[in-house]
file upload-v4.cif (mmCIF, N, CA and C atoms and all ligand atoms)
data_data
loop_
_atom_site.label_atom_id
_atom_site.label_comp_id
_atom_site.auth_asym_id
_atom_site.auth_seq_id
_atom_site.Cartn_x
_atom_site.Cartn_y
_atom_site.Cartn_z
N MET D 217 -104.08 -160.36 5.78
CA MET D 217 -104.19 -161.11 4.51
C MET D 217 -103.63 -160.27 3.36
N THR D 218 -102.48 -159.71 3.55
CA THR D 218 -101.91 -158.87 2.50
C THR D 218 -100.82 -159.58 1.72
N SER D 219 -100.41 -160.75 2.18
CA SER D 219 -99.34 -161.45 1.49
C SER D 219 -99.70 -162.92 1.28
N PRO D 220 -100.50 -163.18 0.25
CA PRO D 220 -100.86 -164.59 -0.03
C PRO D 220 -99.63 -165.39 -0.42
N ALA D 221 -99.63 -166.63 -0.05
CA ALA D 221 -98.47 -167.48 -0.36
C ALA D 221 -98.36 -167.65 -1.87
N PRO D 222 -97.17 -167.49 -2.39
CA PRO D 222 -96.99 -167.66 -3.84
C PRO D 222 -97.26 -169.10 -4.25
N SER D 223 -97.97 -169.26 -5.34
CA SER D 223 -98.30 -170.61 -5.79
C SER D 223 -97.29 -171.14 -6.79
N VAL D 224 -96.47 -170.24 -7.31
CA VAL D 224 -95.46 -170.67 -8.28
C VAL D 224 -94.11 -170.79 -7.56
N ARG D 225 -93.57 -171.97 -7.58
CA ARG D 225 -92.30 -172.19 -6.92
C ARG D 225 -91.16 -171.99 -7.91
N PRO D 226 -90.01 -171.55 -7.42
CA PRO D 226 -88.88 -171.40 -8.33
C PRO D 226 -88.37 -172.76 -8.79
N ALA D 227 -87.95 -172.83 -10.02
CA ALA D 227 -87.37 -174.08 -10.50
C ALA D 227 -85.97 -174.22 -9.93
N PRO D 228 -85.59 -175.44 -9.59
CA PRO D 228 -84.24 -175.65 -9.07
C PRO D 228 -83.22 -175.38 -10.15
N PRO D 229 -82.00 -175.03 -9.77
CA PRO D 229 -80.96 -174.82 -10.77
C PRO D 229 -80.66 -176.12 -11.49
N LEU D 230 -80.30 -176.01 -12.75
CA LEU D 230 -79.98 -177.21 -13.50
C LEU D 230 -78.78 -177.91 -12.87
N PRO D 231 -78.87 -179.23 -12.71
CA PRO D 231 -77.76 -179.96 -12.09
C PRO D 231 -76.53 -179.93 -12.98
N THR D 232 -75.39 -179.88 -12.34
CA THR D 232 -74.13 -179.80 -13.09
C THR D 232 -73.38 -181.12 -13.06
N CYS D 233 -74.03 -182.16 -12.53
CA CYS D 233 -73.36 -183.46 -12.43
C CYS D 233 -73.46 -184.19 -13.77
N ALA D 234 -72.95 -185.42 -13.79
CA ALA D 234 -73.04 -186.22 -15.01
C ALA D 234 -74.50 -186.51 -15.35
N PRO D 235 -74.83 -186.49 -16.64
CA PRO D 235 -76.22 -186.73 -17.05
C PRO D 235 -76.78 -188.04 -16.51
N ALA D 236 -75.92 -189.05 -16.35
CA ALA D 236 -76.39 -190.35 -15.85
C ALA D 236 -76.85 -190.27 -14.40
N GLN D 237 -76.46 -189.22 -13.70
CA GLN D 237 -76.83 -189.08 -12.29
C GLN D 237 -78.04 -188.17 -12.10
N ILE D 238 -78.61 -187.72 -13.20
CA ILE D 238 -79.76 -186.84 -13.12
C ILE D 238 -81.04 -187.66 -13.14
N GLY D 239 -81.97 -187.29 -12.26
CA GLY D 239 -83.26 -187.95 -12.22
C GLY D 239 -84.29 -186.95 -11.73
N PRO D 240 -85.58 -187.32 -11.81
CA PRO D 240 -86.63 -186.39 -11.37
C PRO D 240 -86.66 -186.26 -9.85
N CYS D 241 -86.85 -185.05 -9.37
CA CYS D 241 -87.02 -184.83 -7.94
C CYS D 241 -88.22 -185.63 -7.46
N ALA D 242 -88.10 -186.22 -6.26
CA ALA D 242 -89.18 -187.05 -5.74
C ALA D 242 -90.43 -186.23 -5.42
N HIS D 243 -90.27 -184.92 -5.34
CA HIS D 243 -91.40 -184.09 -4.94
C HIS D 243 -91.95 -183.27 -6.10
N CYS D 244 -91.09 -182.53 -6.78
CA CYS D 244 -91.58 -181.61 -7.82
C CYS D 244 -91.30 -182.11 -9.23
N ARG D 245 -90.59 -183.20 -9.36
CA ARG D 245 -90.33 -183.84 -10.66
C ARG D 245 -89.41 -183.03 -11.55
N GLN D 246 -88.78 -182.01 -11.02
CA GLN D 246 -87.80 -181.28 -11.82
C GLN D 246 -86.52 -182.11 -11.87
N PRO D 247 -85.77 -182.02 -12.96
CA PRO D 247 -84.50 -182.76 -13.04
C PRO D 247 -83.53 -182.26 -11.99
N THR D 248 -82.90 -183.20 -11.31
CA THR D 248 -81.94 -182.83 -10.27
C THR D 248 -80.86 -183.90 -10.17
N HIS D 249 -79.79 -183.60 -9.46
CA HIS D 249 -78.71 -184.58 -9.22
C HIS D 249 -79.23 -185.58 -8.21
N ARG D 250 -79.74 -186.70 -8.72
CA ARG D 250 -80.46 -187.64 -7.85
C ARG D 250 -79.62 -188.86 -7.49
N TYR D 251 -78.75 -189.29 -8.38
CA TYR D 251 -78.04 -190.56 -8.17
C TYR D 251 -76.54 -190.34 -7.98
N GLY D 252 -75.89 -191.38 -7.47
CA GLY D 252 -74.44 -191.33 -7.35
C GLY D 252 -73.97 -190.50 -6.17
N HIS D 253 -72.67 -190.21 -6.19
CA HIS D 253 -72.08 -189.45 -5.08
C HIS D 253 -72.66 -188.05 -5.01
N GLY D 254 -73.17 -187.67 -3.85
CA GLY D 254 -73.73 -186.34 -3.68
C GLY D 254 -75.16 -186.21 -4.17
N GLY D 255 -75.72 -187.31 -4.66
CA GLY D 255 -77.08 -187.25 -5.18
C GLY D 255 -78.11 -187.19 -4.06
N ASN D 256 -79.30 -186.70 -4.40
CA ASN D 256 -80.37 -186.59 -3.42
C ASN D 256 -81.70 -186.73 -4.15
N PRO D 257 -82.64 -187.50 -3.61
CA PRO D 257 -83.94 -187.65 -4.29
C PRO D 257 -84.74 -186.37 -4.34
N LEU D 258 -84.36 -185.40 -3.51
CA LEU D 258 -85.04 -184.10 -3.55
C LEU D 258 -84.12 -183.07 -4.17
N CYS D 259 -84.70 -182.16 -4.96
CA CYS D 259 -83.91 -181.08 -5.54
C CYS D 259 -83.59 -180.05 -4.45
N PRO D 260 -82.66 -179.13 -4.71
CA PRO D 260 -82.30 -178.14 -3.68
C PRO D 260 -83.49 -177.34 -3.17
N VAL D 261 -84.44 -177.05 -4.04
CA VAL D 261 -85.61 -176.26 -3.62
C VAL D 261 -86.45 -177.05 -2.62
N CYS D 262 -86.76 -178.30 -2.95
CA CYS D 262 -87.59 -179.12 -2.06
C CYS D 262 -86.81 -179.44 -0.79
N LEU D 263 -85.53 -179.68 -0.92
CA LEU D 263 -84.72 -180.00 0.25
C LEU D 263 -84.72 -178.83 1.23
N ALA D 264 -84.66 -177.62 0.72
CA ALA D 264 -84.68 -176.44 1.58
C ALA D 264 -86.02 -176.34 2.29
N GLU D 265 -87.11 -176.67 1.59
CA GLU D 265 -88.42 -176.61 2.22
C GLU D 265 -88.54 -177.65 3.33
N VAL D 266 -88.04 -178.84 3.06
CA VAL D 266 -88.11 -179.91 4.06
C VAL D 266 -87.30 -179.52 5.29
N GLU D 267 -86.12 -178.98 5.07
CA GLU D 267 -85.27 -178.62 6.21
C GLU D 267 -85.86 -177.43 6.97
N ALA D 268 -86.50 -176.51 6.26
CA ALA D 268 -87.12 -175.37 6.93
C ALA D 268 -88.30 -175.85 7.79
N ALA D 269 -89.07 -176.77 7.27
CA ALA D 269 -90.20 -177.30 8.04
C ALA D 269 -89.69 -178.07 9.25
N ARG D 270 -88.60 -178.77 9.05
CA ARG D 270 -88.05 -179.57 10.15
C ARG D 270 -87.52 -178.64 11.25
N ALA D 271 -86.94 -177.52 10.85
CA ALA D 271 -86.36 -176.60 11.83
C ALA D 271 -87.42 -175.89 12.64
N GLN D 272 -88.67 -175.84 12.13
CA GLN D 272 -89.73 -175.16 12.85
C GLN D 272 -90.31 -176.01 13.95
N LYS D 273 -90.05 -177.32 13.91
CA LYS D 273 -90.64 -178.19 14.92
C LYS D 273 -89.85 -178.15 16.23
ZN ZN D 301 -88.03 -180.69 -6.04
#
call {"tool": "encode", "arguments": {"input": "upload-v4.cif", "output": "structure tokens", "more": "lines below"}}
Ligand SMILES: [Zn+2]
result
Amino acid sequence: MTSPAPSVRPAPPLPTCAPAQIGPCAHCRQPTHRYGHGGNPLCPVCLAEVEAARAQK
């Protein structure tokens, strides 16, 4: 028990897409490139967590 899980998650990088394509992440509510081409309802941070959890199964 020497390494408790950090409770503060890093904020995702600010999206560089058009402002009209920015929306809140479906998980952490941080602004992310959500709509349009290349958009994703999850920000890069949440997406990485989902993919990491998926890879462990
Ligand atoms: Zn997120």
call {"tool": "atom_distance", "arguments": {"input": "upload-v4.cif", "atom1": "atom C of D:Val266", "atom2": "atom N of D:His243"}}
result
12.3 Å
call {"tool": "residues_near_ligand", "arguments": {"input": "upload-v4.cif", "ligand": "ligand ZN 301 (chain D)", "cutoff": "6 Å", "atoms": "only C-alpha atoms and all ligand atoms", "output": "VMD selection string"}}
result
chain D and resid 241 243 to 244 246 258 to 259 261 to 262
call {"tool": "residues_around", "arguments": {"input": "upload-v4.cif", "residues": "stretch 231-238 of chain D", "least_positions_apart": "5", "cutoff": "8 Å", "atoms": "only C-alpha atoms", "output": "JSON, numbers by chain"}}
result
{"D": [247, 248, 249, 250, 251, 252, 255]}
call {"tool": "atom_distance", "arguments": {"input": "upload-v4.cif", "atom1": "atom N of D:Leu263", "atom2": "atom CA of D:Ala242"}}
result
9.5 Å
call {"tool": "select_by_dssp", "arguments": {"input": "upload-v4.cif", "residues": "chain D", "states": "strand (DSSP E or B)", "output": "PyMOL selection string"}}
result
chain D and resi 238-240+247-249
call {"tool": "atom_distance", "arguments": {"input": "upload-v4.cif", "atom1": "atom C of D:Val224", "atom2": "atom N of D:Gln272"}}
result
21.0 Å
call {"tool": "select_by_dssp", "arguments": {"input": "upload-v4.cif", "residues": "chain D", "states": "helix (DSSP H, G or I)", "output": "VMD selection string"}}
result
chain D and resid 235 to 237 260 to 272
call {"tool": "closest_residue", "arguments": {"input": "upload-v4.cif", "among": "D:Pro229, D:Lys273, D:Ala264, D:Pro257", "to": "D:Arg245", "atoms": "only C-alpha atoms"}}
result
D:Pro257
call {"tool": "build_atoms", "arguments": {"input": "upload-v4.cif", "residues": "stretch 253-264 of chain D", "atoms": "all heavy atoms", "output": "short mmCIF file (atom, residue, chain, number, x, y, z; two decimals), in the coordinates of the input"}}
result
data_model
loop_
_atom_site.label_atom_id
_atom_site.label_comp_id
_atom_site.auth_asym_id
_atom_site.auth_seq_id
_atom_site.Cartn_x
_atom_site.Cartn_y
_atom_site.Cartn_z
N HIS D 253 -72.67 -190.21 -6.19
CA HIS D 253 -72.08 -189.45 -5.08
C HIS D 253 -72.66 -188.05 -5.01
O HIS D 253 -72.67 -187.34 -6.01
CB HIS D 253 -70.57 -189.38 -5.27
CG HIS D 253 -69.88 -188.61 -4.17
ND1 HIS D 253 -69.75 -189.11 -2.90
CD2 HIS D 253 -69.32 -187.40 -4.15
CE1 HIS D 253 -69.12 -188.23 -2.15
NE2 HIS D 253 -68.84 -187.17 -2.89
N GLY D 254 -73.17 -187.67 -3.85
CA GLY D 254 -73.73 -186.34 -3.68
C GLY D 254 -75.16 -186.21 -4.17
O GLY D 254 -75.74 -185.14 -4.11
N GLY D 255 -75.72 -187.31 -4.66
CA GLY D 255 -77.08 -187.25 -5.18
C GLY D 255 -78.11 -187.19 -4.06
O GLY D 255 -77.83 -187.56 -2.92
N ASN D 256 -79.30 -186.70 -4.40
CA ASN D 256 -80.37 -186.59 -3.42
C ASN D 256 -81.70 -186.73 -4.15
O ASN D 256 -81.86 -186.16 -5.23
CB ASN D 256 -80.28 -185.22 -2.71
CG ASN D 256 -81.14 -185.19 -1.45
OD1 ASN D 256 -82.35 -185.37 -1.51
ND2 ASN D 256 -80.51 -184.98 -0.33
N PRO D 257 -82.64 -187.50 -3.61
CA PRO D 257 -83.94 -187.65 -4.29
C PRO D 257 -84.74 -186.37 -4.34
O PRO D 257 -85.68 -186.27 -5.12
CB PRO D 257 -84.66 -188.73 -3.47
CG PRO D 257 -83.98 -188.72 -2.14
CD PRO D 257 -82.54 -188.32 -2.40
N LEU D 258 -84.36 -185.40 -3.51
CA LEU D 258 -85.04 -184.10 -3.55
C LEU D 258 -84.12 -183.07 -4.17
O LEU D 258 -82.91 -183.05 -3.93
CB LEU D 258 -85.41 -183.66 -2.13
CG LEU D 258 -86.50 -184.47 -1.44
CD1 LEU D 258 -86.67 -184.00 0.00
CD2 LEU D 258 -87.82 -184.39 -2.18
N CYS D 259 -84.70 -182.16 -4.96
CA CYS D 259 -83.91 -181.08 -5.54
C CYS D 259 -83.59 -180.05 -4.45
O CYS D 259 -84.19 -180.08 -3.38
CB CYS D 259 -84.70 -180.43 -6.69
SG CYS D 259 -86.13 -179.49 -6.13
N PRO D 260 -82.66 -179.13 -4.71
CA PRO D 260 -82.30 -178.14 -3.68
C PRO D 260 -83.49 -177.34 -3.17
O PRO D 260 -83.55 -176.99 -1.99
CB PRO D 260 -81.28 -177.25 -4.40
CG PRO D 260 -80.69 -178.13 -5.44
CD PRO D 260 -81.81 -179.04 -5.89
N VAL D 261 -84.44 -177.05 -4.04
CA VAL D 261 -85.61 -176.26 -3.62
C VAL D 261 -86.45 -177.05 -2.62
O VAL D 261 -86.82 -176.55 -1.56
CB VAL D 261 -86.45 -175.87 -4.85
CG1 VAL D 261 -87.74 -175.18 -4.41
CG2 VAL D 261 -85.65 -174.96 -5.76
N CYS D 262 -86.76 -178.30 -2.95
CA CYS D 262 -87.59 -179.12 -2.06
C CYS D 262 -86.81 -179.44 -0.79
O CYS D 262 -87.38 -179.48 0.30
CB CYS D 262 -88.00 -180.40 -2.78
SG CYS D 262 -89.14 -180.10 -4.14
N LEU D 263 -85.53 -179.68 -0.92
CA LEU D 263 -84.72 -180.00 0.25
C LEU D 263 -84.72 -178.83 1.23
O LEU D 263 -84.85 -179.02 2.45
CB LEU D 263 -83.30 -180.33 -0.19
CG LEU D 263 -82.40 -180.91 0.90
CD1 LEU D 263 -82.96 -182.24 1.40
CD2 LEU D 263 -80.99 -181.13 0.36
N ALA D 264 -84.66 -177.62 0.72
CA ALA D 264 -84.68 -176.44 1.58
C ALA D 264 -86.02 -176.34 2.29
O ALA D 264 -86.09 -175.97 3.46
CB ALA D 264 -84.41 -175.19 0.75
#
